[in-house]
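Engineer: Following this line is my_file.txt, made up of compact mmCIF, N, CA and C atoms:
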# COMPACT_ATOMS: atom_id res chain seq x y z
N MET A 1 21.73 -35.89 -13.23
CA MET A 1 21.05 -34.62 -13.38
C MET A 1 21.58 -33.89 -14.60
N GLY A 2 22.81 -33.86 -14.81
CA GLY A 2 23.48 -33.28 -15.95
C GLY A 2 22.78 -32.14 -16.67
N ASP A 3 21.98 -32.45 -17.71
CA ASP A 3 21.37 -31.43 -18.56
C ASP A 3 19.93 -31.10 -18.20
N GLN A 4 19.44 -31.60 -17.08
CA GLN A 4 18.06 -31.32 -16.70
C GLN A 4 17.93 -29.88 -16.21
N PRO A 5 16.80 -29.25 -16.56
CA PRO A 5 16.60 -27.87 -16.09
C PRO A 5 16.42 -27.84 -14.57
N VAL A 6 16.87 -26.76 -14.00
CA VAL A 6 16.77 -26.56 -12.56
C VAL A 6 16.01 -25.27 -12.30
N GLU A 7 15.06 -25.32 -11.38
CA GLU A 7 14.33 -24.13 -10.98
C GLU A 7 14.69 -23.80 -9.55
N VAL A 8 15.04 -22.56 -9.31
CA VAL A 8 15.39 -22.13 -7.97
C VAL A 8 14.31 -21.17 -7.49
N CYS A 9 13.80 -21.41 -6.28
CA CYS A 9 12.76 -20.56 -5.70
C CYS A 9 13.27 -19.97 -4.40
N GLU A 10 12.90 -18.75 -4.17
CA GLU A 10 13.26 -18.09 -2.92
C GLU A 10 11.98 -17.86 -2.13
N HIS A 11 11.97 -18.30 -0.88
CA HIS A 11 10.81 -18.06 -0.02
C HIS A 11 11.19 -16.97 0.98
N LYS A 12 10.38 -15.93 1.01
CA LYS A 12 10.63 -14.84 1.94
C LYS A 12 9.58 -14.92 3.05
N GLY A 13 10.04 -15.12 4.26
CA GLY A 13 9.14 -15.29 5.39
C GLY A 13 8.51 -13.99 5.87
N VAL A 14 7.70 -14.10 6.90
CA VAL A 14 6.94 -12.98 7.43
C VAL A 14 7.84 -11.82 7.84
N GLY A 15 8.99 -12.09 8.37
CA GLY A 15 9.87 -11.03 8.86
C GLY A 15 10.77 -10.42 7.80
N HIS A 16 10.72 -10.93 6.59
CA HIS A 16 11.59 -10.40 5.53
C HIS A 16 11.15 -8.99 5.15
N PRO A 17 12.08 -8.09 4.90
CA PRO A 17 11.72 -6.71 4.54
C PRO A 17 10.78 -6.61 3.34
N ASP A 18 10.99 -7.43 2.31
CA ASP A 18 10.10 -7.38 1.14
C ASP A 18 8.68 -7.79 1.51
N THR A 19 8.55 -8.81 2.35
CA THR A 19 7.23 -9.27 2.78
C THR A 19 6.53 -8.20 3.60
N LEU A 20 7.26 -7.57 4.51
CA LEU A 20 6.68 -6.52 5.33
C LEU A 20 6.27 -5.32 4.47
N THR A 21 7.11 -4.93 3.53
CA THR A 21 6.80 -3.80 2.66
C THR A 21 5.55 -4.08 1.82
N ASP A 22 5.46 -5.29 1.25
CA ASP A 22 4.27 -5.66 0.47
C ASP A 22 3.01 -5.66 1.34
N ALA A 23 3.13 -6.17 2.57
CA ALA A 23 1.98 -6.20 3.47
C ALA A 23 1.52 -4.79 3.84
N VAL A 24 2.46 -3.90 4.07
CA VAL A 24 2.12 -2.51 4.40
C VAL A 24 1.39 -1.85 3.23
N CYS A 25 1.89 -2.04 2.01
CA CYS A 25 1.24 -1.45 0.82
C CYS A 25 -0.16 -2.03 0.62
N GLU A 26 -0.30 -3.33 0.81
CA GLU A 26 -1.61 -3.98 0.67
C GLU A 26 -2.59 -3.46 1.73
N THR A 27 -2.12 -3.31 2.95
CA THR A 27 -2.96 -2.78 4.03
C THR A 27 -3.38 -1.35 3.73
N ALA A 28 -2.47 -0.55 3.20
CA ALA A 28 -2.79 0.83 2.84
C ALA A 28 -3.84 0.88 1.73
N SER A 29 -3.72 0.00 0.75
CA SER A 29 -4.70 -0.05 -0.34
C SER A 29 -6.08 -0.45 0.17
N ARG A 30 -6.13 -1.44 1.05
CA ARG A 30 -7.42 -1.84 1.63
C ARG A 30 -8.04 -0.70 2.43
N ALA A 31 -7.23 0.01 3.20
CA ALA A 31 -7.74 1.13 4.00
C ALA A 31 -8.28 2.24 3.10
N LEU A 32 -7.57 2.54 2.02
CA LEU A 32 -8.06 3.54 1.07
C LEU A 32 -9.37 3.09 0.43
N SER A 33 -9.44 1.82 0.02
CA SER A 33 -10.65 1.30 -0.61
C SER A 33 -11.85 1.42 0.33
N LEU A 34 -11.67 1.04 1.58
CA LEU A 34 -12.76 1.12 2.56
C LEU A 34 -13.17 2.58 2.80
N ALA A 35 -12.19 3.46 2.93
CA ALA A 35 -12.49 4.87 3.18
C ALA A 35 -13.19 5.51 1.98
N TYR A 36 -12.73 5.19 0.78
CA TYR A 36 -13.40 5.71 -0.43
C TYR A 36 -14.84 5.23 -0.48
N ARG A 37 -15.06 3.94 -0.26
CA ARG A 37 -16.42 3.38 -0.36
C ARG A 37 -17.33 3.99 0.70
N GLU A 38 -16.80 4.17 1.92
CA GLU A 38 -17.60 4.74 2.99
C GLU A 38 -17.96 6.20 2.71
N ARG A 39 -16.99 6.96 2.22
CA ARG A 39 -17.20 8.40 2.05
C ARG A 39 -17.85 8.78 0.72
N TYR A 40 -17.49 8.06 -0.36
CA TYR A 40 -17.94 8.44 -1.69
C TYR A 40 -18.85 7.40 -2.36
N GLY A 41 -19.10 6.30 -1.66
CA GLY A 41 -20.01 5.28 -2.19
C GLY A 41 -19.39 4.35 -3.21
N ARG A 42 -18.11 4.52 -3.49
CA ARG A 42 -17.42 3.64 -4.43
C ARG A 42 -15.92 3.75 -4.19
N ILE A 43 -15.20 2.78 -4.71
CA ILE A 43 -13.74 2.77 -4.56
C ILE A 43 -13.15 3.57 -5.71
N LEU A 44 -12.44 4.63 -5.36
CA LEU A 44 -11.80 5.47 -6.37
C LEU A 44 -10.46 4.88 -6.78
N HIS A 45 -10.01 5.28 -7.95
CA HIS A 45 -8.76 4.76 -8.49
C HIS A 45 -7.58 5.14 -7.61
N HIS A 46 -6.75 4.15 -7.31
CA HIS A 46 -5.52 4.39 -6.56
C HIS A 46 -4.53 3.26 -6.81
N ASN A 47 -3.26 3.58 -6.69
CA ASN A 47 -2.17 2.60 -6.77
C ASN A 47 -1.17 2.95 -5.69
N VAL A 48 -1.17 2.21 -4.63
CA VAL A 48 -0.17 2.43 -3.58
C VAL A 48 0.59 1.11 -3.39
N ASP A 49 1.05 0.58 -4.51
CA ASP A 49 1.66 -0.74 -4.51
C ASP A 49 3.19 -0.71 -4.54
N LYS A 50 3.76 0.45 -4.42
CA LYS A 50 5.22 0.54 -4.40
C LYS A 50 5.66 1.01 -3.03
N GLY A 51 6.53 0.24 -2.43
CA GLY A 51 7.03 0.59 -1.11
C GLY A 51 8.53 0.39 -1.04
N LEU A 52 9.11 1.02 -0.07
CA LEU A 52 10.55 0.93 0.13
C LEU A 52 10.81 0.86 1.63
N LEU A 53 11.60 -0.10 2.02
CA LEU A 53 12.02 -0.20 3.42
C LEU A 53 13.50 0.14 3.47
N ILE A 54 13.82 1.14 4.27
CA ILE A 54 15.21 1.58 4.41
C ILE A 54 15.66 1.21 5.82
N ALA A 55 16.74 0.47 5.89
CA ALA A 55 17.22 -0.04 7.17
C ALA A 55 17.50 1.08 8.16
N GLY A 56 17.18 0.80 9.40
CA GLY A 56 17.52 1.71 10.48
C GLY A 56 18.87 1.34 11.06
N LYS A 57 19.15 1.84 12.21
CA LYS A 57 20.40 1.51 12.88
C LYS A 57 20.13 1.36 14.36
N ALA A 58 20.70 0.31 14.94
CA ALA A 58 20.47 0.05 16.36
C ALA A 58 21.73 -0.50 17.01
N VAL A 59 21.79 -0.38 18.32
CA VAL A 59 22.82 -1.03 19.11
C VAL A 59 22.09 -2.13 19.88
N PRO A 60 22.18 -3.37 19.35
CA PRO A 60 21.43 -4.46 19.99
C PRO A 60 22.10 -4.94 21.28
N ARG A 61 21.25 -5.31 22.21
CA ARG A 61 21.69 -5.93 23.47
C ARG A 61 20.72 -7.04 23.79
N PHE A 62 21.18 -8.04 24.49
CA PHE A 62 20.30 -9.13 24.88
C PHE A 62 19.13 -8.57 25.68
N GLY A 63 17.91 -8.83 25.20
CA GLY A 63 16.72 -8.35 25.88
C GLY A 63 16.38 -6.90 25.58
N GLY A 64 17.04 -6.28 24.64
CA GLY A 64 16.72 -4.88 24.33
C GLY A 64 17.74 -4.26 23.41
N GLY A 65 18.06 -3.02 23.67
CA GLY A 65 19.00 -2.30 22.83
C GLY A 65 18.54 -0.86 22.66
N ILE A 66 19.25 -0.15 21.82
CA ILE A 66 18.95 1.25 21.58
C ILE A 66 18.78 1.47 20.08
N ILE A 67 17.70 2.15 19.70
CA ILE A 67 17.49 2.48 18.29
C ILE A 67 18.13 3.83 18.04
N LEU A 68 19.11 3.84 17.17
CA LEU A 68 19.79 5.08 16.82
C LEU A 68 19.10 5.80 15.66
N ARG A 69 18.59 5.01 14.71
CA ARG A 69 17.88 5.57 13.56
C ARG A 69 16.76 4.59 13.21
N PRO A 70 15.50 5.04 13.20
CA PRO A 70 14.39 4.11 12.95
C PRO A 70 14.38 3.58 11.52
N ILE A 71 13.74 2.45 11.33
CA ILE A 71 13.51 1.89 10.01
C ILE A 71 12.50 2.80 9.31
N ARG A 72 12.77 3.13 8.06
CA ARG A 72 11.85 3.97 7.28
C ARG A 72 11.08 3.09 6.30
N LEU A 73 9.78 3.23 6.33
CA LEU A 73 8.90 2.56 5.38
C LEU A 73 8.24 3.64 4.54
N ILE A 74 8.48 3.60 3.25
CA ILE A 74 7.91 4.62 2.37
C ILE A 74 6.87 3.94 1.46
N VAL A 75 5.64 4.45 1.50
CA VAL A 75 4.56 3.95 0.65
C VAL A 75 4.35 5.00 -0.44
N SER A 76 4.33 4.55 -1.70
CA SER A 76 4.27 5.54 -2.78
C SER A 76 3.36 5.13 -3.93
N ARG A 77 3.15 6.03 -4.80
CA ARG A 77 2.50 6.02 -6.12
C ARG A 77 1.39 7.04 -6.15
N ALA A 78 0.14 6.61 -6.39
CA ALA A 78 -0.91 7.60 -6.66
C ALA A 78 -2.22 7.22 -5.98
N ALA A 79 -2.98 8.25 -5.60
CA ALA A 79 -4.31 8.05 -5.02
C ALA A 79 -5.14 9.31 -5.25
N ARG A 80 -6.41 9.11 -5.54
CA ARG A 80 -7.32 10.24 -5.74
C ARG A 80 -7.59 10.93 -4.41
N ARG A 81 -7.67 12.23 -4.46
CA ARG A 81 -8.03 13.04 -3.30
C ARG A 81 -9.14 13.98 -3.75
N PRO A 82 -10.39 13.49 -3.69
CA PRO A 82 -11.52 14.26 -4.23
C PRO A 82 -11.78 15.58 -3.53
N ASP A 83 -11.41 15.68 -2.26
CA ASP A 83 -11.59 16.96 -1.55
C ASP A 83 -10.50 17.11 -0.50
N ALA A 84 -10.32 18.32 -0.03
CA ALA A 84 -9.23 18.63 0.90
C ALA A 84 -9.36 17.90 2.23
N ALA A 85 -10.57 17.51 2.60
CA ALA A 85 -10.78 16.84 3.88
C ALA A 85 -10.34 15.38 3.85
N PHE A 86 -10.13 14.82 2.66
CA PHE A 86 -9.72 13.42 2.55
C PHE A 86 -8.19 13.37 2.60
N ASP A 87 -7.66 13.01 3.76
CA ASP A 87 -6.22 13.03 4.00
C ASP A 87 -5.60 11.67 3.68
N VAL A 88 -5.15 11.52 2.45
CA VAL A 88 -4.58 10.25 1.99
C VAL A 88 -3.35 9.88 2.82
N ALA A 89 -2.45 10.81 3.03
CA ALA A 89 -1.21 10.53 3.75
C ALA A 89 -1.48 10.03 5.17
N ASP A 90 -2.40 10.67 5.88
CA ASP A 90 -2.71 10.26 7.25
C ASP A 90 -3.35 8.87 7.27
N LEU A 91 -4.27 8.63 6.36
CA LEU A 91 -4.95 7.33 6.30
C LEU A 91 -3.95 6.21 6.01
N VAL A 92 -3.06 6.44 5.04
CA VAL A 92 -2.05 5.44 4.67
C VAL A 92 -1.07 5.22 5.82
N THR A 93 -0.65 6.29 6.47
CA THR A 93 0.30 6.17 7.59
C THR A 93 -0.31 5.37 8.73
N GLN A 94 -1.55 5.65 9.09
CA GLN A 94 -2.20 4.90 10.16
C GLN A 94 -2.35 3.43 9.81
N ALA A 95 -2.76 3.14 8.58
CA ALA A 95 -2.92 1.75 8.14
C ALA A 95 -1.58 1.02 8.16
N ALA A 96 -0.54 1.70 7.70
CA ALA A 96 0.78 1.08 7.66
C ALA A 96 1.27 0.75 9.07
N MET A 97 1.07 1.67 10.01
CA MET A 97 1.51 1.40 11.38
C MET A 97 0.71 0.28 12.02
N GLN A 98 -0.58 0.17 11.69
CA GLN A 98 -1.38 -0.96 12.19
C GLN A 98 -0.80 -2.28 11.68
N CYS A 99 -0.40 -2.29 10.42
CA CYS A 99 0.20 -3.49 9.83
C CYS A 99 1.52 -3.83 10.53
N VAL A 100 2.35 -2.82 10.75
CA VAL A 100 3.63 -3.05 11.44
C VAL A 100 3.38 -3.63 12.82
N LYS A 101 2.46 -3.04 13.57
CA LYS A 101 2.16 -3.51 14.93
C LYS A 101 1.67 -4.95 14.93
N ALA A 102 0.90 -5.33 13.90
CA ALA A 102 0.35 -6.68 13.83
C ALA A 102 1.35 -7.70 13.30
N THR A 103 2.45 -7.23 12.71
CA THR A 103 3.36 -8.13 12.01
C THR A 103 4.69 -8.36 12.73
N VAL A 104 5.31 -7.29 13.20
CA VAL A 104 6.65 -7.44 13.77
C VAL A 104 6.59 -7.73 15.26
N ARG A 105 7.65 -8.35 15.76
CA ARG A 105 7.70 -8.68 17.18
C ARG A 105 8.52 -7.68 17.98
N CYS A 106 8.99 -6.64 17.33
CA CYS A 106 9.76 -5.62 18.04
C CYS A 106 8.88 -4.39 18.27
N ASP A 107 9.42 -3.43 18.96
CA ASP A 107 8.68 -2.20 19.25
C ASP A 107 8.41 -1.42 17.96
N PRO A 108 7.14 -1.18 17.63
CA PRO A 108 6.84 -0.44 16.40
C PRO A 108 7.33 1.01 16.43
N ALA A 109 7.75 1.49 17.59
CA ALA A 109 8.31 2.84 17.67
C ALA A 109 9.63 2.92 16.89
N GLY A 110 10.19 1.79 16.53
CA GLY A 110 11.42 1.76 15.75
C GLY A 110 11.17 1.92 14.25
N PHE A 111 9.92 2.20 13.87
CA PHE A 111 9.55 2.38 12.46
C PHE A 111 9.02 3.78 12.24
N ARG A 112 9.32 4.36 11.10
CA ARG A 112 8.74 5.62 10.66
C ARG A 112 8.11 5.39 9.29
N VAL A 113 6.86 5.74 9.16
CA VAL A 113 6.17 5.59 7.88
C VAL A 113 6.14 6.95 7.19
N GLU A 114 6.49 6.94 5.93
CA GLU A 114 6.45 8.15 5.10
C GLU A 114 5.61 7.83 3.87
N THR A 115 5.03 8.85 3.29
CA THR A 115 4.27 8.65 2.06
C THR A 115 4.84 9.54 0.96
N ALA A 116 4.77 9.02 -0.24
CA ALA A 116 5.13 9.77 -1.44
C ALA A 116 4.03 9.48 -2.45
N ILE A 117 2.83 9.93 -2.11
CA ILE A 117 1.63 9.62 -2.90
C ILE A 117 1.11 10.90 -3.53
N GLU A 118 0.99 10.88 -4.83
CA GLU A 118 0.52 12.05 -5.57
C GLU A 118 -0.81 11.72 -6.24
N GLU A 119 -1.48 12.75 -6.75
CA GLU A 119 -2.70 12.55 -7.54
C GLU A 119 -2.32 11.90 -8.86
N ASP A 120 -3.24 11.11 -9.42
CA ASP A 120 -3.04 10.60 -10.77
C ASP A 120 -2.95 11.76 -11.74
N SER A 121 -2.38 11.52 -12.90
CA SER A 121 -2.36 12.55 -13.93
C SER A 121 -3.80 12.85 -14.34
N SER A 122 -4.05 14.05 -14.80
CA SER A 122 -5.41 14.43 -15.19
C SER A 122 -5.90 13.57 -16.35
N ASP A 123 -5.00 13.17 -17.26
CA ASP A 123 -5.40 12.30 -18.38
C ASP A 123 -5.90 10.96 -17.86
N LEU A 124 -5.17 10.37 -16.91
CA LEU A 124 -5.58 9.08 -16.37
C LEU A 124 -6.89 9.23 -15.60
N GLN A 125 -7.05 10.32 -14.85
CA GLN A 125 -8.30 10.54 -14.12
C GLN A 125 -9.48 10.61 -15.08
N GLN A 126 -9.30 11.26 -16.24
CA GLN A 126 -10.38 11.35 -17.22
C GLN A 126 -10.72 9.97 -17.79
N VAL A 127 -9.71 9.16 -18.08
CA VAL A 127 -9.95 7.81 -18.61
C VAL A 127 -10.71 6.98 -17.58
N VAL A 128 -10.26 7.01 -16.33
CA VAL A 128 -10.92 6.23 -15.28
C VAL A 128 -12.35 6.72 -15.07
N THR A 129 -12.56 8.03 -15.06
CA THR A 129 -13.90 8.58 -14.87
C THR A 129 -14.83 8.15 -16.00
N ARG A 130 -14.35 8.22 -17.25
CA ARG A 130 -15.17 7.78 -18.38
C ARG A 130 -15.52 6.30 -18.27
N HIS A 131 -14.54 5.49 -17.89
CA HIS A 131 -14.78 4.05 -17.73
C HIS A 131 -15.81 3.80 -16.63
N GLU A 132 -15.66 4.48 -15.49
CA GLU A 132 -16.61 4.30 -14.38
C GLU A 132 -18.01 4.73 -14.81
N HIS A 133 -18.13 5.84 -15.53
CA HIS A 133 -19.43 6.32 -16.00
C HIS A 133 -20.05 5.29 -16.95
N ARG A 134 -19.25 4.77 -17.86
CA ARG A 134 -19.75 3.77 -18.81
C ARG A 134 -20.25 2.53 -18.06
N GLN A 135 -19.51 2.09 -17.06
CA GLN A 135 -19.91 0.92 -16.28
C GLN A 135 -21.23 1.16 -15.56
N ARG A 136 -21.41 2.36 -14.99
CA ARG A 136 -22.67 2.69 -14.31
C ARG A 136 -23.83 2.70 -15.30
N CYS A 137 -23.59 3.24 -16.48
CA CYS A 137 -24.63 3.27 -17.52
C CYS A 137 -25.02 1.86 -17.94
N LEU A 138 -24.03 1.01 -18.14
CA LEU A 138 -24.32 -0.37 -18.55
C LEU A 138 -25.09 -1.12 -17.47
N ARG A 139 -24.71 -0.89 -16.20
CA ARG A 139 -25.44 -1.56 -15.11
C ARG A 139 -26.89 -1.09 -15.07
N GLY A 140 -27.10 0.18 -15.34
CA GLY A 140 -28.46 0.75 -15.33
C GLY A 140 -29.34 0.17 -16.42
N THR A 141 -28.75 -0.25 -17.54
CA THR A 141 -29.54 -0.79 -18.65
C THR A 141 -29.61 -2.30 -18.63
N GLY A 142 -28.80 -2.92 -17.77
CA GLY A 142 -28.77 -4.38 -17.71
C GLY A 142 -27.92 -5.01 -18.80
N GLN A 143 -27.25 -4.18 -19.60
CA GLN A 143 -26.40 -4.71 -20.68
C GLN A 143 -25.11 -5.28 -20.11
N LYS A 144 -24.56 -6.20 -20.86
CA LYS A 144 -23.26 -6.76 -20.49
C LYS A 144 -22.19 -5.97 -21.22
N ARG A 145 -21.05 -5.90 -20.58
CA ARG A 145 -19.90 -5.22 -21.15
C ARG A 145 -19.35 -6.01 -22.32
N ALA A 146 -19.05 -5.34 -23.43
CA ALA A 146 -18.46 -6.00 -24.60
C ALA A 146 -17.03 -6.39 -24.28
N LYS A 147 -16.64 -7.56 -24.78
CA LYS A 147 -15.28 -8.05 -24.51
C LYS A 147 -14.37 -7.73 -25.63
What does this structure look like when you write it as structure tokens?
Structural biologist:
Amino acid sequence: MGDQPVEVCEHKGVGHPDTLTDAVCETASRALSLAYRERYGRILHHNVDKGLLIAGKAVPRFGGGIILRPIRLIVSRAARRPDAAFDVADLVTQAAMQCVKATVRCDPAGFRVETAIEEDSSDLQQVVTRHEHRQRCLRGTGQKRAK
């Protein structure tokens, strides 16, 4: 083997914190996309792809145990909130807990979901809005987008 290159790969299974955090963020993004499309007729710009899992604390016992401090799952970045009735935090929290319930084999009451999701900057919102408008105009004329 001597001078041959070696590649090392790490596989993170379903129960790994990184895998769970990624799944929660993906589930939150899908829920936002569906809610945007249902309410506004299109998927609005959002990025909820950053998550953080902070370990909890428990006293384990065979067949059970006591949770002293729940695991914290924080979903963050940005999402459009076109009106006050569209509750991004609640929608993301519900989606995240559904993911936790479907993924982990322990009591989901041992998890707390938090959000740190803000509106996009006004500059980015203007760029996205212009792009969306241009795309609608092109679809209306049957023209193809220039590459």
Engineer: Rounded to one decimal, what separation in Å do you get between atom N of Ile54 (chain A) and atom C of Leu73 (chain A)?
Structural biologist: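 Spanning atom N of Ile54 (chain A) to atom C of Leu73 (chain A) is a straight-line distance of 6.1 Å.
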Engineer: Separation of CA of Lys50 (chain A) and atom C of Gln135 (chain A), in Å?
Structural biologist: 28.7 Å
Engineer: May I ask for the distance between atom C of Arg37 (chain A) and CA of Arg136 (chain A), given in Å to one decimal place?
Structural biologist: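 So the answer is 16.0 Å.
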Engineer: Could you check the closest approach to Val104 (chain A) for each of A:Val59, A:Ala85, A:Cys137, A:Val14 and tell me which residue wins, using only N, CA and C atoms?
Structural biologist: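 Between A:Val59, A:Ala85, A:Cys137, A:Val14, the residue approaching Val104 (chain A) most closely is A:Val14.
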Engineer: Run DSSP on the backbone and give me the residues of region 6-139 of chain A it puts in strand (DSSP E), as number ranges by chain.
Structural biologist: A: 46-54, 57-61, 64-69, 71-79, 111-118
Engineer: Quick one: residues within 10 Å of region 65-72 of chain A, only C-alpha atoms counted, chain neighbours fewer than 5 positions away excluded, as a PyMOL selection string?
Structural biologist: chain A and resi 52-60+108-114
